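The block underneath contains the structure these notes are about, expressed in structure tokens.
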Amino acid sequence: MKKLRVDRAHGMAPHQPLLLLAVIELIEHGQVQENKIPLSPDLAETFLKYWTKVVINRKPDIALPFFHLKSRGFWHLHPNAGYEKVLDVASRIRSTSRLREVVAYASLDDDLFTLLTVPHDREVLRQTLIRTYLPDFKQIIEELLAETEQIGAYRADLLQRVEHTFSTQNSLEFVQTKEPIRTAGFRQAIMGIYNYTCAVCQLYILTMDGESVTEAAHIIPFSISGNDDVRNGISLCQLHHWAFDRGLISFSNTYKVIVSELMSERGPTEWLLSALSNKSILLPEQDKHYPAQDALAWHRENVLRQ
Ligand SMILES: [Zn+2]
């Protein structure tokens with residue numbers, strides 16, 4: 001009922017203000033730096049985060065507001081080469097995949113974009129948007145914004161920490177940070193370093209909702225180390241995370257895959273764990289983010305089945 005009232009009173013379905021909130025957040029976090037807003041997994045993930053808090057029992061559909069916002073006058077769609085006419089005549093584009101095929105990116109009015117790059121003005125616009133179109137959800141959205149800020153701060157703290165010596169010791173600071181902030185911040189830091197790619201097989205799959213096949217794995221489990229230092233982390237796909245946690249694979253001090261012989265496996269050769277033996281893993285761009293030798297040694301000693 002709340003949602004209907006929003007629709008009727010203002011003639012704007014929640015899709016559109018929620019998409020604008022997502023765009024504002026991406027600008028705030030530097031994920032959108034110029035006035036070109038593609039329909040990216042980042043945008044879709046952020047939109048979905050707001051959607052699931054505000055809209056109940058309706059499937060999220062980012063294609064709808066991304067296309068229809070153009071009727072508001074400040075949101076402009078830029079076609080991919082060869083699709084200019086399609087965009088001119090389309091009264092609607094139903095699917096995300098079709099929209100991505102036709103539209104290269106959206107842009108805002110230049111003045112509006114400039115305003116959104118100024119923290120104070122951005123906050124004023126955000127509050128106006130919430131007050132006007134989502135008044136019933138003000139508190140929920142503010143809680144979400146606060147949580148997002150805490151996750152970002154935890155992530156920034158983890159990235160800062162690599163300037164200091166790695167320690168395998170328990171650190172109270174990590175444990176004191178509450179869930180789900182801690183896990184989300186650690187995940188964001190690791191995914192940023194490895195770009196959502198599995199360090200073992202280099203698989204990268206990211207859905208349009210920002211869901212990834214890769215997970216942020218702890219080398220020494222958090223339950224034992226209490227340590228979210230990014231050097232105690234690595235990005236692994238679900239299969240290789242599973243194998244790593246069960247000691248079927250581990251990594252040498254020269255960052256090569258060690259495969260346990262204490263298992264049997266069967267299947268196409270290229271998919272077997274044993275095919276990975278002695279292969280170099282994907283390492284972060286900067287060596288300060290490399291997995292810590294102490295953590296890798298601990299894993300070989302305590303987890304690898306040998
Ligand atoms: Zn993998």
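Following the order of the structure tokens, chains are lettered A, B, ..., residues in each are numbered from 1, and ligands are numbered from 1.
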**Request:** Could you pull out the residues sitting within 9 Å of ligand 1, using only C-alpha atoms and all ligand atoms, and write them as a PyMOL selection string?
**Result:** chain A and resi 197-204+213-214+235-241
Mind writing the picked residues with all heavy atoms as a CSV table (one decimal), in the first residue's frame?
```csv
chain,number,residue,atom,x,y,z
A,197,THR,N,38.3,-11.7,-9.8
A,197,THR,CA,38.8,-12.8,-10.6
A,197,THR,C,39.4,-13.9,-9.6
A,197,THR,O,40.0,-13.5,-8.6
A,197,THR,CB,40.0,-12.3,-11.5
A,197,THR,OG1,39.5,-11.2,-12.2
A,197,THR,CG2,40.5,-13.3,-12.4
A,198,CYS,N,39.2,-15.1,-9.9
A,198,CYS,CA,39.7,-16.2,-9.1
A,198,CYS,C,41.2,-16.3,-9.3
A,198,CYS,O,41.7,-16.3,-10.4
A,198,CYS,CB,39.1,-17.6,-9.5
A,198,CYS,SG,39.8,-19.0,-8.6
A,199,ALA,N,42.0,-16.2,-8.2
A,199,ALA,CA,43.4,-16.2,-8.3
A,199,ALA,C,44.0,-17.5,-8.8
A,199,ALA,O,45.1,-17.6,-9.3
A,199,ALA,CB,44.0,-16.0,-6.9
A,200,VAL,N,43.2,-18.6,-8.7
A,200,VAL,CA,43.6,-19.9,-9.2
A,200,VAL,C,43.3,-20.2,-10.7
A,200,VAL,O,44.2,-20.4,-11.5
A,200,VAL,CB,43.0,-21.0,-8.3
A,200,VAL,CG1,43.3,-22.4,-8.9
A,200,VAL,CG2,43.6,-21.0,-6.9
A,201,CYS,N,42.1,-20.0,-11.0
A,201,CYS,CA,41.7,-20.4,-12.4
A,201,CYS,C,41.4,-19.1,-13.3
A,201,CYS,O,41.2,-19.2,-14.5
A,201,CYS,CB,40.5,-21.3,-12.5
A,201,CYS,SG,39.0,-20.5,-11.8
A,202,GLN,N,41.5,-18.0,-12.7
A,202,GLN,CA,41.3,-16.7,-13.4
A,202,GLN,C,39.9,-16.5,-14.0
A,202,GLN,O,39.7,-15.7,-14.9
A,202,GLN,CB,42.4,-16.5,-14.4
A,202,GLN,CG,43.8,-16.8,-13.8
A,202,GLN,CD,44.9,-15.9,-14.4
A,202,GLN,OE1,44.7,-15.0,-15.2
A,202,GLN,NE2,46.1,-16.1,-13.8
A,203,LEU,N,39.0,-17.3,-13.5
A,203,LEU,CA,37.6,-17.1,-13.9
A,203,LEU,C,37.0,-15.8,-13.4
A,203,LEU,O,37.3,-15.4,-12.2
A,203,LEU,CB,36.8,-18.3,-13.4
A,203,LEU,CG,35.4,-18.5,-13.9
A,203,LEU,CD1,35.4,-18.8,-15.4
A,203,LEU,CD2,34.7,-19.6,-13.2
A,204,TYR,N,36.3,-15.1,-14.2
A,204,TYR,CA,35.6,-13.9,-13.9
A,204,TYR,C,34.2,-14.0,-14.4
A,204,TYR,O,34.0,-14.1,-15.6
A,204,TYR,CB,36.3,-12.7,-14.5
A,204,TYR,CG,35.6,-11.4,-14.5
A,204,TYR,CD1,35.9,-10.4,-13.5
A,204,TYR,CD2,34.6,-11.1,-15.4
A,204,TYR,CE1,35.2,-9.2,-13.5
A,204,TYR,CE2,33.9,-9.9,-15.4
A,204,TYR,CZ,34.2,-8.9,-14.5
A,204,TYR,OH,33.6,-7.7,-14.5
A,213,VAL,N,31.1,-14.9,-9.1
A,213,VAL,CA,31.4,-16.3,-8.9
A,213,VAL,C,32.5,-16.4,-7.8
A,213,VAL,O,32.7,-17.4,-7.1
A,213,VAL,CB,31.8,-17.0,-10.1
A,213,VAL,CG1,33.2,-16.6,-10.6
A,213,VAL,CG2,31.8,-18.5,-9.9
A,214,THR,N,33.2,-15.3,-7.6
A,214,THR,CA,34.3,-15.3,-6.7
A,214,THR,C,33.9,-14.8,-5.3
A,214,THR,O,33.0,-14.1,-5.1
A,214,THR,CB,35.5,-14.3,-7.2
A,214,THR,OG1,34.9,-13.1,-7.6
A,214,THR,CG2,36.3,-15.0,-8.3
A,235,SER,N,41.1,-13.9,-3.5
A,235,SER,CA,39.8,-14.0,-4.3
A,235,SER,C,39.8,-15.4,-4.9
A,235,SER,O,40.7,-15.7,-5.7
A,235,SER,CB,39.7,-12.9,-5.3
A,235,SER,OG,38.7,-13.2,-6.2
A,236,LEU,N,38.8,-16.2,-4.6
A,236,LEU,CA,38.7,-17.5,-5.2
A,236,LEU,C,37.3,-17.8,-5.7
A,236,LEU,O,36.3,-17.4,-5.0
A,236,LEU,CB,39.1,-18.6,-4.1
A,236,LEU,CG,40.5,-18.6,-3.6
A,236,LEU,CD1,40.6,-19.6,-2.4
A,236,LEU,CD2,41.5,-18.9,-4.7
A,237,CYS,N,37.2,-18.5,-6.8
A,237,CYS,CA,35.8,-18.9,-7.2
A,237,CYS,C,35.3,-20.0,-6.3
A,237,CYS,O,36.0,-20.5,-5.4
A,237,CYS,CB,35.9,-19.5,-8.7
A,237,CYS,SG,36.6,-21.1,-8.8
A,238,GLN,N,34.0,-20.3,-6.3
A,238,GLN,CA,33.4,-21.1,-5.3
A,238,GLN,C,34.1,-22.5,-5.3
A,238,GLN,O,34.2,-23.1,-4.2
A,238,GLN,CB,31.9,-21.2,-5.6
A,238,GLN,CG,31.3,-19.8,-5.6
A,238,GLN,CD,29.8,-19.9,-5.3
A,238,GLN,OE1,29.2,-20.8,-4.8
A,238,GLN,NE2,29.2,-18.8,-5.7
A,239,LEU,N,34.4,-23.1,-6.4
A,239,LEU,CA,35.1,-24.4,-6.4
A,239,LEU,C,36.4,-24.3,-5.7
A,239,LEU,O,36.7,-25.1,-4.9
A,239,LEU,CB,35.2,-24.9,-7.9
A,239,LEU,CG,36.1,-26.2,-8.0
A,239,LEU,CD1,35.4,-27.3,-7.3
A,239,LEU,CD2,36.3,-26.5,-9.5
A,240,HIS,N,37.2,-23.3,-6.1
A,240,HIS,CA,38.6,-23.3,-5.5
A,240,HIS,C,38.6,-22.8,-4.1
A,240,HIS,O,39.5,-23.2,-3.3
A,240,HIS,CB,39.5,-22.5,-6.5
A,240,HIS,CG,39.7,-23.2,-7.8
A,240,HIS,ND1,39.5,-22.6,-9.0
A,240,HIS,CD2,39.9,-24.5,-8.0
A,240,HIS,CE1,39.6,-23.6,-10.0
A,240,HIS,NE2,39.9,-24.7,-9.4
A,241,HIS,N,37.6,-22.0,-3.7
A,241,HIS,CA,37.5,-21.7,-2.3
A,241,HIS,C,37.2,-22.9,-1.5
A,241,HIS,O,37.8,-23.2,-0.4
A,241,HIS,CB,36.3,-20.6,-2.1
A,241,HIS,CG,36.3,-20.0,-0.8
A,241,HIS,ND1,35.3,-19.1,-0.4
A,241,HIS,CD2,37.0,-20.2,0.3
A,241,HIS,CE1,35.5,-18.7,0.8
A,241,HIS,NE2,36.5,-19.4,1.3
```
I'd like to know which residues of stretch 162-295 of chain A are alpha helix (DSSP H) (by DSSP, run on the backbone); could you write them as an mmCIF file with all heavy atoms, in the first residue's frame?
```cif
data_model
loop_
_atom_site.group_PDB
_atom_site.id
_atom_site.type_symbol
_atom_site.label_atom_id
_atom_site.label_comp_id
_atom_site.auth_asym_id
_atom_site.auth_seq_id
_atom_site.Cartn_x
_atom_site.Cartn_y
_atom_site.Cartn_z
ATOM 1 N N LEU A 172 41.892 -7.151 17.977
ATOM 2 C CA LEU A 172 40.589 -6.814 18.523
ATOM 3 C C LEU A 172 39.778 -5.897 17.621
ATOM 4 O O LEU A 172 38.573 -5.987 17.564
ATOM 5 C CB LEU A 172 40.763 -6.151 19.885
ATOM 6 C CG LEU A 172 40.209 -7.032 20.992
ATOM 7 C CD1 LEU A 172 41.325 -7.486 21.888
ATOM 8 C CD2 LEU A 172 39.180 -6.296 21.798
ATOM 9 N N GLU A 173 40.522 -5.052 16.918
ATOM 10 C CA GLU A 173 39.817 -4.091 16.054
ATOM 11 C C GLU A 173 38.905 -4.800 15.057
ATOM 12 O O GLU A 173 37.788 -4.394 14.829
ATOM 13 C CB GLU A 173 40.821 -3.290 15.242
ATOM 14 C CG GLU A 173 41.552 -2.251 16.017
ATOM 15 C CD GLU A 173 42.709 -1.760 15.194
ATOM 16 O OE1 GLU A 173 42.467 -0.998 14.255
ATOM 17 O OE2 GLU A 173 43.844 -2.194 15.473
ATOM 18 N N PHE A 174 39.447 -5.862 14.433
ATOM 19 C CA PHE A 174 38.664 -6.576 13.425
ATOM 20 C C PHE A 174 37.417 -7.172 14.063
ATOM 21 O O PHE A 174 36.323 -7.070 13.539
ATOM 22 C CB PHE A 174 39.481 -7.707 12.806
ATOM 23 C CG PHE A 174 40.680 -7.250 12.021
ATOM 24 C CD1 PHE A 174 41.945 -7.740 12.314
ATOM 25 C CD2 PHE A 174 40.537 -6.350 10.976
ATOM 26 C CE1 PHE A 174 43.042 -7.353 11.579
ATOM 27 C CE2 PHE A 174 41.632 -5.946 10.241
ATOM 28 C CZ PHE A 174 42.897 -6.447 10.544
ATOM 29 N N VAL A 175 37.629 -7.823 15.197
ATOM 30 C CA VAL A 175 36.529 -8.535 15.844
ATOM 31 C C VAL A 175 35.469 -7.567 16.352
ATOM 32 O O VAL A 175 34.286 -7.869 16.372
ATOM 33 C CB VAL A 175 37.068 -9.417 17.001
ATOM 34 C CG1 VAL A 175 35.949 -10.206 17.637
ATOM 35 C CG2 VAL A 175 38.135 -10.360 16.482
ATOM 36 N N GLN A 176 35.933 -6.361 16.725
ATOM 37 C CA GLN A 176 34.985 -5.382 17.257
ATOM 38 C C GLN A 176 34.041 -4.830 16.199
ATOM 39 O O GLN A 176 32.981 -4.345 16.511
ATOM 40 C CB GLN A 176 35.755 -4.220 17.900
ATOM 41 C CG GLN A 176 36.114 -4.521 19.345
ATOM 42 C CD GLN A 176 37.037 -3.481 19.927
ATOM 43 O OE1 GLN A 176 37.564 -2.637 19.205
ATOM 44 N NE2 GLN A 176 37.246 -3.550 21.213
ATOM 45 N N ILE A 181 28.962 -5.543 8.517
ATOM 46 C CA ILE A 181 29.912 -4.530 8.049
ATOM 47 C C ILE A 181 31.278 -5.169 7.745
ATOM 48 O O ILE A 181 31.890 -4.930 6.711
ATOM 49 C CB ILE A 181 30.109 -3.434 9.127
ATOM 50 C CG1 ILE A 181 28.772 -2.881 9.609
ATOM 51 C CG2 ILE A 181 31.050 -2.339 8.643
ATOM 52 C CD1 ILE A 181 27.978 -2.118 8.613
ATOM 53 N N ARG A 182 31.749 -5.994 8.698
ATOM 54 C CA ARG A 182 33.081 -6.569 8.604
ATOM 55 C C ARG A 182 33.231 -7.428 7.333
ATOM 56 O O ARG A 182 34.146 -7.245 6.538
ATOM 57 C CB ARG A 182 33.352 -7.411 9.866
ATOM 58 C CG ARG A 182 34.799 -7.812 10.043
ATOM 59 C CD ARG A 182 34.962 -8.782 11.196
ATOM 60 N NE ARG A 182 34.265 -10.051 10.965
ATOM 61 C CZ ARG A 182 34.596 -10.934 10.050
ATOM 62 N NH1 ARG A 182 35.608 -10.727 9.253
ATOM 63 N NH2 ARG A 182 33.903 -12.042 9.904
ATOM 64 N N THR A 183 32.302 -8.356 7.164
ATOM 65 C CA THR A 183 32.384 -9.259 6.020
ATOM 66 C C THR A 183 32.264 -8.499 4.702
ATOM 67 O O THR A 183 33.005 -8.759 3.751
ATOM 68 C CB THR A 183 31.269 -10.329 6.124
ATOM 69 O OG1 THR A 183 31.515 -11.077 7.311
ATOM 70 C CG2 THR A 183 31.280 -11.260 4.940
ATOM 71 N N ALA A 184 31.347 -7.542 4.661
ATOM 72 C CA ALA A 184 31.140 -6.784 3.419
ATOM 73 C C ALA A 184 32.365 -5.925 3.095
ATOM 74 O O ALA A 184 32.781 -5.828 1.935
ATOM 75 C CB ALA A 184 29.892 -5.918 3.534
ATOM 76 N N GLY A 185 32.965 -5.331 4.122
ATOM 77 C CA GLY A 185 34.146 -4.490 3.906
ATOM 78 C C GLY A 185 35.340 -5.313 3.433
ATOM 79 O O GLY A 185 36.076 -4.912 2.532
ATOM 80 N N PHE A 186 35.525 -6.486 4.044
ATOM 81 C CA PHE A 186 36.620 -7.383 3.650
ATOM 82 C C PHE A 186 36.420 -7.824 2.198
ATOM 83 O O PHE A 186 37.339 -7.811 1.386
ATOM 84 C CB PHE A 186 36.644 -8.599 4.590
ATOM 85 C CG PHE A 186 37.702 -9.616 4.267
ATOM 86 C CD1 PHE A 186 39.054 -9.328 4.451
ATOM 87 C CD2 PHE A 186 37.362 -10.877 3.786
ATOM 88 C CE1 PHE A 186 40.040 -10.267 4.164
ATOM 89 C CE2 PHE A 186 38.338 -11.825 3.491
ATOM 90 C CZ PHE A 186 39.673 -11.516 3.683
ATOM 91 N N ARG A 187 35.185 -8.202 1.885
ATOM 92 C CA ARG A 187 34.880 -8.647 0.530
ATOM 93 C C ARG A 187 35.165 -7.534 -0.491
ATOM 94 O O ARG A 187 35.798 -7.756 -1.522
ATOM 95 C CB ARG A 187 33.406 -9.071 0.447
ATOM 96 C CG ARG A 187 32.985 -9.503 -0.928
ATOM 97 C CD ARG A 187 31.514 -9.871 -1.009
ATOM 98 N NE ARG A 187 31.023 -9.625 -2.350
ATOM 99 C CZ ARG A 187 31.287 -10.386 -3.379
ATOM 100 N NH1 ARG A 187 32.029 -11.464 -3.237
ATOM 101 N NH2 ARG A 187 30.847 -10.081 -4.582
ATOM 102 N N GLN A 188 34.710 -6.330 -0.182
ATOM 103 C CA GLN A 188 34.939 -5.212 -1.118
ATOM 104 C C GLN A 188 36.434 -4.966 -1.329
ATOM 105 O O GLN A 188 36.874 -4.714 -2.448
ATOM 106 C CB GLN A 188 34.304 -3.933 -0.575
ATOM 107 C CG GLN A 188 32.828 -3.832 -0.876
ATOM 108 C CD GLN A 188 32.268 -2.462 -0.479
ATOM 109 O OE1 GLN A 188 33.002 -1.539 -0.133
ATOM 110 N NE2 GLN A 188 30.956 -2.337 -0.537
ATOM 111 N N ALA A 189 37.203 -5.049 -0.245
ATOM 112 C CA ALA A 189 38.643 -4.804 -0.365
ATOM 113 C C ALA A 189 39.293 -5.866 -1.249
ATOM 114 O O ALA A 189 40.060 -5.554 -2.172
ATOM 115 C CB ALA A 189 39.282 -4.791 1.021
ATOM 116 N N ILE A 190 38.965 -7.129 -1.003
ATOM 117 C CA ILE A 190 39.582 -8.230 -1.771
ATOM 118 C C ILE A 190 39.126 -8.189 -3.232
ATOM 119 O O ILE A 190 39.926 -8.362 -4.153
ATOM 120 C CB ILE A 190 39.229 -9.604 -1.131
ATOM 121 C CG1 ILE A 190 39.872 -9.712 0.263
ATOM 122 C CG2 ILE A 190 39.659 -10.772 -2.019
ATOM 123 C CD1 ILE A 190 41.393 -9.780 0.269
ATOM 124 N N MET A 191 37.821 -7.936 -3.466
ATOM 125 C CA MET A 191 37.330 -7.893 -4.856
ATOM 126 C C MET A 191 37.946 -6.715 -5.608
ATOM 127 O O MET A 191 38.210 -6.807 -6.806
ATOM 128 C CB MET A 191 35.800 -7.810 -4.882
ATOM 129 C CG MET A 191 35.115 -9.086 -4.425
ATOM 130 S SD MET A 191 35.659 -10.530 -5.353
ATOM 131 C CE MET A 191 35.915 -11.690 -4.025
ATOM 132 N N GLY A 192 38.202 -5.629 -4.901
ATOM 133 C CA GLY A 192 38.862 -4.486 -5.531
ATOM 134 C C GLY A 192 40.287 -4.844 -5.955
ATOM 135 O O GLY A 192 40.742 -4.459 -7.032
ATOM 136 N N ILE A 193 40.977 -5.597 -5.109
ATOM 137 C CA ILE A 193 42.374 -5.953 -5.394
ATOM 138 C C ILE A 193 42.455 -6.972 -6.536
ATOM 139 O O ILE A 193 43.335 -6.892 -7.392
ATOM 140 C CB ILE A 193 43.035 -6.513 -4.109
ATOM 141 C CG1 ILE A 193 43.208 -5.380 -3.088
ATOM 142 C CG2 ILE A 193 44.371 -7.171 -4.421
ATOM 143 C CD1 ILE A 193 43.652 -5.844 -1.713
ATOM 144 N N TYR A 194 41.556 -7.936 -6.548
ATOM 145 C CA TYR A 194 41.624 -9.026 -7.551
ATOM 146 C C TYR A 194 40.622 -8.853 -8.698
ATOM 147 O O TYR A 194 40.508 -9.738 -9.547
ATOM 148 C CB TYR A 194 41.388 -10.381 -6.864
ATOM 149 C CG TYR A 194 42.534 -10.809 -5.962
ATOM 150 C CD1 TYR A 194 42.601 -10.392 -4.636
ATOM 151 C CD2 TYR A 194 43.559 -11.629 -6.439
ATOM 152 C CE1 TYR A 194 43.642 -10.771 -3.806
ATOM 153 C CE2 TYR A 194 44.611 -12.022 -5.616
ATOM 154 C CZ TYR A 194 44.645 -11.586 -4.298
ATOM 155 O OH TYR A 194 45.683 -11.956 -3.480
ATOM 156 N N PHE A 222 39.014 -16.772 9.578
ATOM 157 C CA PHE A 222 38.750 -15.685 10.521
ATOM 158 C C PHE A 222 38.440 -16.233 11.917
ATOM 159 O O PHE A 222 38.797 -15.641 12.923
ATOM 160 C CB PHE A 222 37.599 -14.799 10.027
ATOM 161 C CG PHE A 222 37.449 -13.549 10.847
ATOM 162 C CD1 PHE A 222 38.250 -12.447 10.601
ATOM 163 C CD2 PHE A 222 36.524 -13.478 11.885
ATOM 164 C CE1 PHE A 222 38.135 -11.291 11.382
ATOM 165 C CE2 PHE A 222 36.405 -12.331 12.663
ATOM 166 C CZ PHE A 222 37.218 -11.233 12.404
ATOM 167 N N SER A 223 37.793 -17.390 11.963
ATOM 168 C CA SER A 223 37.447 -17.979 13.270
ATOM 169 C C SER A 223 38.703 -18.293 14.086
ATOM 170 O O SER A 223 38.653 -18.347 15.313
ATOM 171 C CB SER A 223 36.623 -19.246 13.070
ATOM 172 O OG SER A 223 37.341 -20.154 12.269
ATOM 173 N N ILE A 224 39.823 -18.494 13.405
ATOM 174 C CA ILE A 224 41.079 -18.796 14.100
ATOM 175 C C ILE A 224 41.941 -17.541 14.249
ATOM 176 O O ILE A 224 42.475 -17.250 15.313
ATOM 177 C CB ILE A 224 41.857 -19.887 13.337
ATOM 178 C CG1 ILE A 224 41.077 -21.202 13.422
ATOM 179 C CG2 ILE A 224 43.274 -20.050 13.891
ATOM 180 C CD1 ILE A 224 41.601 -22.281 12.517
ATOM 181 N N SER A 225 42.063 -16.793 13.167
ATOM 182 C CA SER A 225 42.997 -15.660 13.177
ATOM 183 C C SER A 225 42.342 -14.356 13.616
ATOM 184 O O SER A 225 43.016 -13.457 14.110
ATOM 185 C CB SER A 225 43.576 -15.457 11.779
ATOM 186 O OG SER A 225 42.538 -15.098 10.877
ATOM 187 N N GLN A 238 34.026 -20.280 -6.350
ATOM 188 C CA GLN A 238 33.406 -21.125 -5.335
ATOM 189 C C GLN A 238 34.057 -22.508 -5.272
ATOM 190 O O GLN A 238 34.244 -23.056 -4.186
ATOM 191 C CB GLN A 238 31.907 -21.226 -5.606
ATOM 192 C CG GLN A 238 31.292 -19.845 -5.579
ATOM 193 C CD GLN A 238 29.805 -19.855 -5.330
ATOM 194 O OE1 GLN A 238 29.237 -20.810 -4.835
ATOM 195 N NE2 GLN A 238 29.159 -18.762 -5.679
ATOM 196 N N LEU A 239 34.423 -23.055 -6.419
ATOM 197 C CA LEU A 239 35.069 -24.376 -6.413
ATOM 198 C C LEU A 239 36.430 -24.310 -5.722
ATOM 199 O O LEU A 239 36.746 -25.129 -4.858
ATOM 200 C CB LEU A 239 35.238 -24.886 -7.858
ATOM 201 C CG LEU A 239 36.076 -26.158 -7.991
ATOM 202 C CD1 LEU A 239 35.440 -27.335 -7.252
ATOM 203 C CD2 LEU A 239 36.308 -26.519 -9.463
ATOM 204 N N HIS A 240 37.233 -23.322 -6.094
ATOM 205 C CA HIS A 240 38.591 -23.276 -5.540
ATOM 206 C C HIS A 240 38.608 -22.792 -4.095
ATOM 207 O O HIS A 240 39.507 -23.162 -3.339
ATOM 208 C CB HIS A 240 39.502 -22.482 -6.487
ATOM 209 C CG HIS A 240 39.670 -23.206 -7.796
ATOM 210 N ND1 HIS A 240 39.482 -22.630 -9.031
ATOM 211 C CD2 HIS A 240 39.930 -24.526 -8.031
ATOM 212 C CE1 HIS A 240 39.642 -23.559 -9.969
ATOM 213 N NE2 HIS A 240 39.907 -24.705 -9.393
ATOM 214 N N HIS A 241 37.602 -22.032 -3.705
ATOM 215 C CA HIS A 241 37.458 -21.668 -2.286
ATOM 216 C C HIS A 241 37.158 -22.930 -1.465
ATOM 217 O O HIS A 241 37.763 -23.183 -0.429
ATOM 218 C CB HIS A 241 36.320 -20.641 -2.134
ATOM 219 C CG HIS A 241 36.251 -20.026 -0.765
ATOM 220 N ND1 HIS A 241 35.282 -19.118 -0.420
ATOM 221 C CD2 HIS A 241 37.016 -20.186 0.340
ATOM 222 C CE1 HIS A 241 35.459 -18.742 0.840
ATOM 223 N NE2 HIS A 241 36.497 -19.387 1.323
ATOM 224 N N TRP A 242 36.261 -23.709 -1.979
ATOM 225 C CA TRP A 242 35.883 -24.966 -1.313
ATOM 226 C C TRP A 242 37.111 -25.876 -1.165
ATOM 227 O O TRP A 242 37.399 -26.406 -0.091
ATOM 228 C CB TRP A 242 34.782 -25.650 -2.154
ATOM 229 C CG TRP A 242 34.317 -26.958 -1.631
ATOM 230 C CD1 TRP A 242 33.350 -27.171 -0.680
ATOM 231 C CD2 TRP A 242 34.791 -28.256 -2.021
ATOM 232 N NE1 TRP A 242 33.205 -28.519 -0.462
ATOM 233 C CE2 TRP A 242 34.069 -29.204 -1.271
ATOM 234 C CE3 TRP A 242 35.739 -28.712 -2.941
ATOM 235 C CZ2 TRP A 242 34.281 -30.571 -1.389
ATOM 236 C CZ3 TRP A 242 35.959 -30.078 -3.070
ATOM 237 C CH2 TRP A 242 35.231 -30.997 -2.300
ATOM 238 N N ALA A 243 37.860 -26.026 -2.281
ATOM 239 C CA ALA A 243 39.038 -26.916 -2.273
ATOM 240 C C ALA A 243 40.125 -26.374 -1.335
ATOM 241 O O ALA A 243 40.811 -27.140 -0.649
ATOM 242 C CB ALA A 243 39.579 -27.059 -3.694
ATOM 243 N N PHE A 244 40.275 -25.045 -1.290
ATOM 244 C CA PHE A 244 41.292 -24.399 -0.453
ATOM 245 C C PHE A 244 40.959 -24.600 1.030
ATOM 246 O O PHE A 244 41.816 -24.970 1.831
ATOM 247 C CB PHE A 244 41.337 -22.904 -0.805
ATOM 248 C CG PHE A 244 42.407 -22.123 -0.106
ATOM 249 C CD1 PHE A 244 43.750 -22.295 -0.430
ATOM 250 C CD2 PHE A 244 42.080 -21.192 0.874
ATOM 251 C CE1 PHE A 244 44.746 -21.558 0.209
ATOM 252 C CE2 PHE A 244 43.073 -20.454 1.524
ATOM 253 C CZ PHE A 244 44.403 -20.637 1.185
ATOM 254 N N ASP A 245 39.687 -24.370 1.383
ATOM 255 C CA ASP A 245 39.286 -24.508 2.786
ATOM 256 C C ASP A 245 39.379 -25.951 3.271
ATOM 257 O O ASP A 245 39.537 -26.208 4.460
ATOM 258 C CB ASP A 245 37.846 -23.999 2.991
ATOM 259 C CG ASP A 245 37.786 -22.476 3.054
ATOM 260 O OD1 ASP A 245 38.860 -21.843 3.024
ATOM 261 O OD2 ASP A 245 36.667 -21.924 3.123
ATOM 262 N N GLN A 293 53.333 -14.340 3.386
ATOM 263 C CA GLN A 293 54.048 -15.626 3.461
ATOM 264 C C GLN A 293 53.688 -16.380 4.743
ATOM 265 O O GLN A 293 53.529 -17.589 4.723
ATOM 266 C CB GLN A 293 55.568 -15.395 3.382
ATOM 267 C CG GLN A 293 56.059 -14.979 1.999
ATOM 268 C CD GLN A 293 55.892 -16.077 0.944
ATOM 269 O OE1 GLN A 293 55.621 -17.245 1.248
ATOM 270 N NE2 GLN A 293 56.018 -15.704 -0.324
ATOM 271 N N ASP A 294 53.565 -15.650 5.872
ATOM 272 C CA ASP A 294 53.220 -16.302 7.140
ATOM 273 C C ASP A 294 51.866 -17.005 7.055
ATOM 274 O O ASP A 294 51.679 -18.098 7.591
ATOM 275 C CB ASP A 294 53.114 -15.249 8.271
ATOM 276 C CG ASP A 294 54.480 -14.734 8.673
ATOM 277 O OD1 ASP A 294 55.489 -15.271 8.160
ATOM 278 O OD2 ASP A 294 54.538 -13.786 9.486
ATOM 279 N N ALA A 295 50.926 -16.356 6.380
ATOM 280 C CA ALA A 295 49.578 -16.928 6.269
ATOM 281 C C ALA A 295 49.614 -18.165 5.357
ATOM 282 O O ALA A 295 49.014 -19.201 5.672
ATOM 283 C CB ALA A 295 48.607 -15.890 5.722
#
```
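If only C-alpha atoms are the atoms counted, then among A:Val54, A:Leu248, A:Val162, A:Val257 the closest residue to A:Asp136 is A:Val54.
For the pair atom CA of A:His68 and atom CA of A:His29, the separation is 25.0 Å.
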**Prompt:** Between A:Ala146, A:Leu115, A:Leu134, A:Leu87, which has the minimum distance to A:Val55 (counting only C-alpha atoms)?
**Reply:** A:Leu134
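Taking only C-alpha atoms into account, A:Trp51 lies nearest to A:Ala22 out of the set A:Ala217, A:Ile234, A:Ala104, A:Ala22.
With only C-alpha atoms as the basis for measurement, A:Ile258 is the residue among A:Leu159, A:Ile37, A:Ile258, A:Ala63 that approaches A:Val303 most closely.
Distance annotation: of A:Gly152, A:Pro60, A:Gly30, A:Pro291, the residue with the minimal separation from A:Val118 is A:Gly30; atom set is only C-alpha atoms.
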**Item:** Secondary structure check, strand (DSSP E or B) residues of stretch 48-179 of chain A, as a PyMOL selection string
**Value:** chain A and resi 75-79+103-108
**Residue contacts of A:Lys138 (12 Å, only C-alpha atoms) excluding same-chain residues fewer than 2 positions away, as a PyMOL selection string** = chain A and resi 50+53-54+126-136+140-145
**Asked** Near A:Glu45, within 12 Å and counting only C-alpha atoms, which residues show up once chain neighbours fewer than 6 positions away are dropped, as JSON, numbers by chain?
**Response** {"A": [18, 19, 22, 23, 25, 26, 39, 51, 52, 60, 61, 62, 206, 207, 208, 209, 210, 211, 212]}
**Asked** Pick from A:Ile220, A:Gln139, A:Phe113, A:Gly247: nearest to A:Gln33, with only C-alpha atoms counted?
**Response** A:Phe113
